[in-house]
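Colleague: The structure is given below, and queries will be raised subsequently.
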Amino acid sequence: MTEKDFLSKSYNDLPSEGKVTWKAPSNIALVKYWGKKANQIPANPSISFTLDACATTTSVSYTKKEGDSPQFSFDLIFEGKPKEDFKPKIQTFFERIEKYLPFLKSYHFIIETSNSFPHSSGIASSASGMAALSLCLMDIEKKLNGSMSEDFFKKKASFLARLGSGSAGRSIEGDLIQWGKYAAIEESSDLYGVRYPFKIATVFKNFHDTILLVHKGQKQVSSSVGHNLMHDHPYAERRFAQAHENLDKLKTIFENGDLDNFIRIVESEALTLHAMMMTSMPYFILMKPDTLEIINKIWSYRASTKVPLCFTLDAGANVHLLYPESVKEKVIQFIQDELVVHCEKGHYICDRIGDGARKLR
Ligand code: PMV
């Protein structure tokens, strides 16, 4: 599909009002997206586990405006209170997606949104937030176009979410999502995420992700600045090629349930992401001393116990612990005994692989 396939015609019978609610999960990338071209096109393909507990719930109430209006009109309520500083992001999002949703200027919207995780946890809410909002808007569009297929609905929701925040395009469905053109997956696209089409061994089907909240403060560098630093980056081309190679390797790993090689790829991807940040100009470090302490403890724990526990990182200091269901008790014990001291106020979040966004009634 191309961008043109997501354009909509103008509509005749706009409903006068209504309300829709969607809950969309966050996701954690195994092969990282870092670097983009114009229009939120990723420089390399990525793959992620869809999460379950970390999610955003968004309601959109819409009321038809009198006459034609040249402006977008919306109120934003975050966790029960008006939130002016989130509005510019939504305004930019609406500007980007208007040509795909021509009804946007015909309504006044009240967008009420809340996260299942604390706002100050250092967990980015842009993926789940943009996914939930895109699903609400698609739900409205679906009412205007009754013949829309389920598959198109999901693809366009992912397409719109991606225009809000790249990784949000991977937060519509579960449980393993691939985004970005990749030769081995014919249906893959730079425009939206697709469900991973190949065999996945049972061991990967109920993976856990425990997120250690090392540093809850605001990020020093936004991900859009970080992506842009991949232009003129000395290692960019090699890194983009490596993402394709790692996806090739993961295919056999997923098929065979090969945890040892899974760990190698996932940890290398996390450290490569941070290495790209450390070697850009300007350079920056998002890991904290506690991030490194945790990584070293994981490595010695794994060496001495053979428990297949590994880590990954986002663009921040928090550490995501990934492990199969079968070692859950052991890992929780290890977290409590050794890792909790490195978490801000001892906080961590237990999450696991989920099956994607859902509509709430
Ligand atoms: O979706 P963005 O633009 O915030 O970028 C997110 C990038 C990483 O989280 C660091 C990696 C990824 O693939 O999710």
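Identifiers for the structure tokens are assigned positionally: chains receive A, B, ... in sequence, residues are indexed from 1 per chain, and ligands are indexed from 1 in the order shown.
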How close does each residue of segment 185-217 of chain A get to segment 52-63 of chain A, giving the shortest atom pair and distance in Å to one decimal for every residue with an atom at most 10 Å away, counting only C-alpha atoms, sorted by chain and residue number, as JSON lines?
Modeller:
{"residue": "A:His208", "atom": "CA", "partner": "A:Asp52", "partner_atom": "CA", "distance": 9.8}
{"residue": "A:Asp209", "atom": "CA", "partner": "A:Asp52", "partner_atom": "CA", "distance": 9.6}
{"residue": "A:Ile211", "atom": "CA", "partner": "A:Cys54", "partner_atom": "CA", "distance": 9.9}
Colleague: What would the file look like if the residues just selected were written as a PDB file, in the first residue's frame with C-alpha atoms?
Modeller:
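Below you can see part.pdb, which holds the result:
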ATOM      1  CA  HIS A 208       7.767 -10.925  30.636  1.00  0.00           C
ATOM      2  CA  ASP A 209       9.141  -7.393  30.674  1.00  0.00           C
ATOM      3  CA  ILE A 211      10.764  -2.301  33.801  1.00  0.00           C
TER       4      ILE A 211
END
Colleague: Which residues sit within 9 Å of ligand 1, counting only C-alpha atoms and all ligand atoms, listed as JSON, numbers by chain?
Modeller: {"A": [27, 28, 29, 30, 31, 32, 33, 34, 35, 36, 40, 45, 46, 47, 48, 124, 125, 126, 127, 162, 164, 165, 166, 167, 168, 169, 170, 222, 223, 224, 226, 227, 270, 273, 274, 313, 314, 315, 316]}
Colleague: Suppose you want the space between atom CA of Ile353 of chain A and atom CA of Leu51 of chain A; what is it in Å?
Modeller: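 Interatomic distance, atom CA of Ile353 of chain A to atom CA of Leu51 of chain A: 4.7 Å.
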Colleague: Please identify all polymer residues within 7 Å of Phe74 of chain A, counting only C-alpha atoms, omitting same-chain residues fewer than 3 positions from it, and present them as an MDAnalysis selection string.
Modeller: chainID A and resid 108:110
Colleague: Given the choices A:Trp22, A:Phe198, A:Tyr182, A:Tyr192, which gets closest to Glu3 of chain A if the distance is worked out from only C-alpha atoms?
Modeller: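 Of A:Trp22, A:Phe198, A:Tyr182, A:Tyr192, the one nearest Glu3 of chain A is A:Tyr192, counting only C-alpha atoms.
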Colleague: In Å, rounded to a single decimal, give me how far atom CA of Ala357 of chain A is from atom CA of Thr92 of chain A.
Modeller: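 These atoms are spaced 23.3 Å apart.
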Colleague: List every residue of segment 277-317 of chain A that DSSP, applied to the backbone, labels as strand (DSSP E or B), and write the result as a list in words.
Modeller: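 Matching residues for strand (DSSP E or B) in segment 277-317 of chain A are Cys310, Phe311, Thr312 and Leu313 of chain A.
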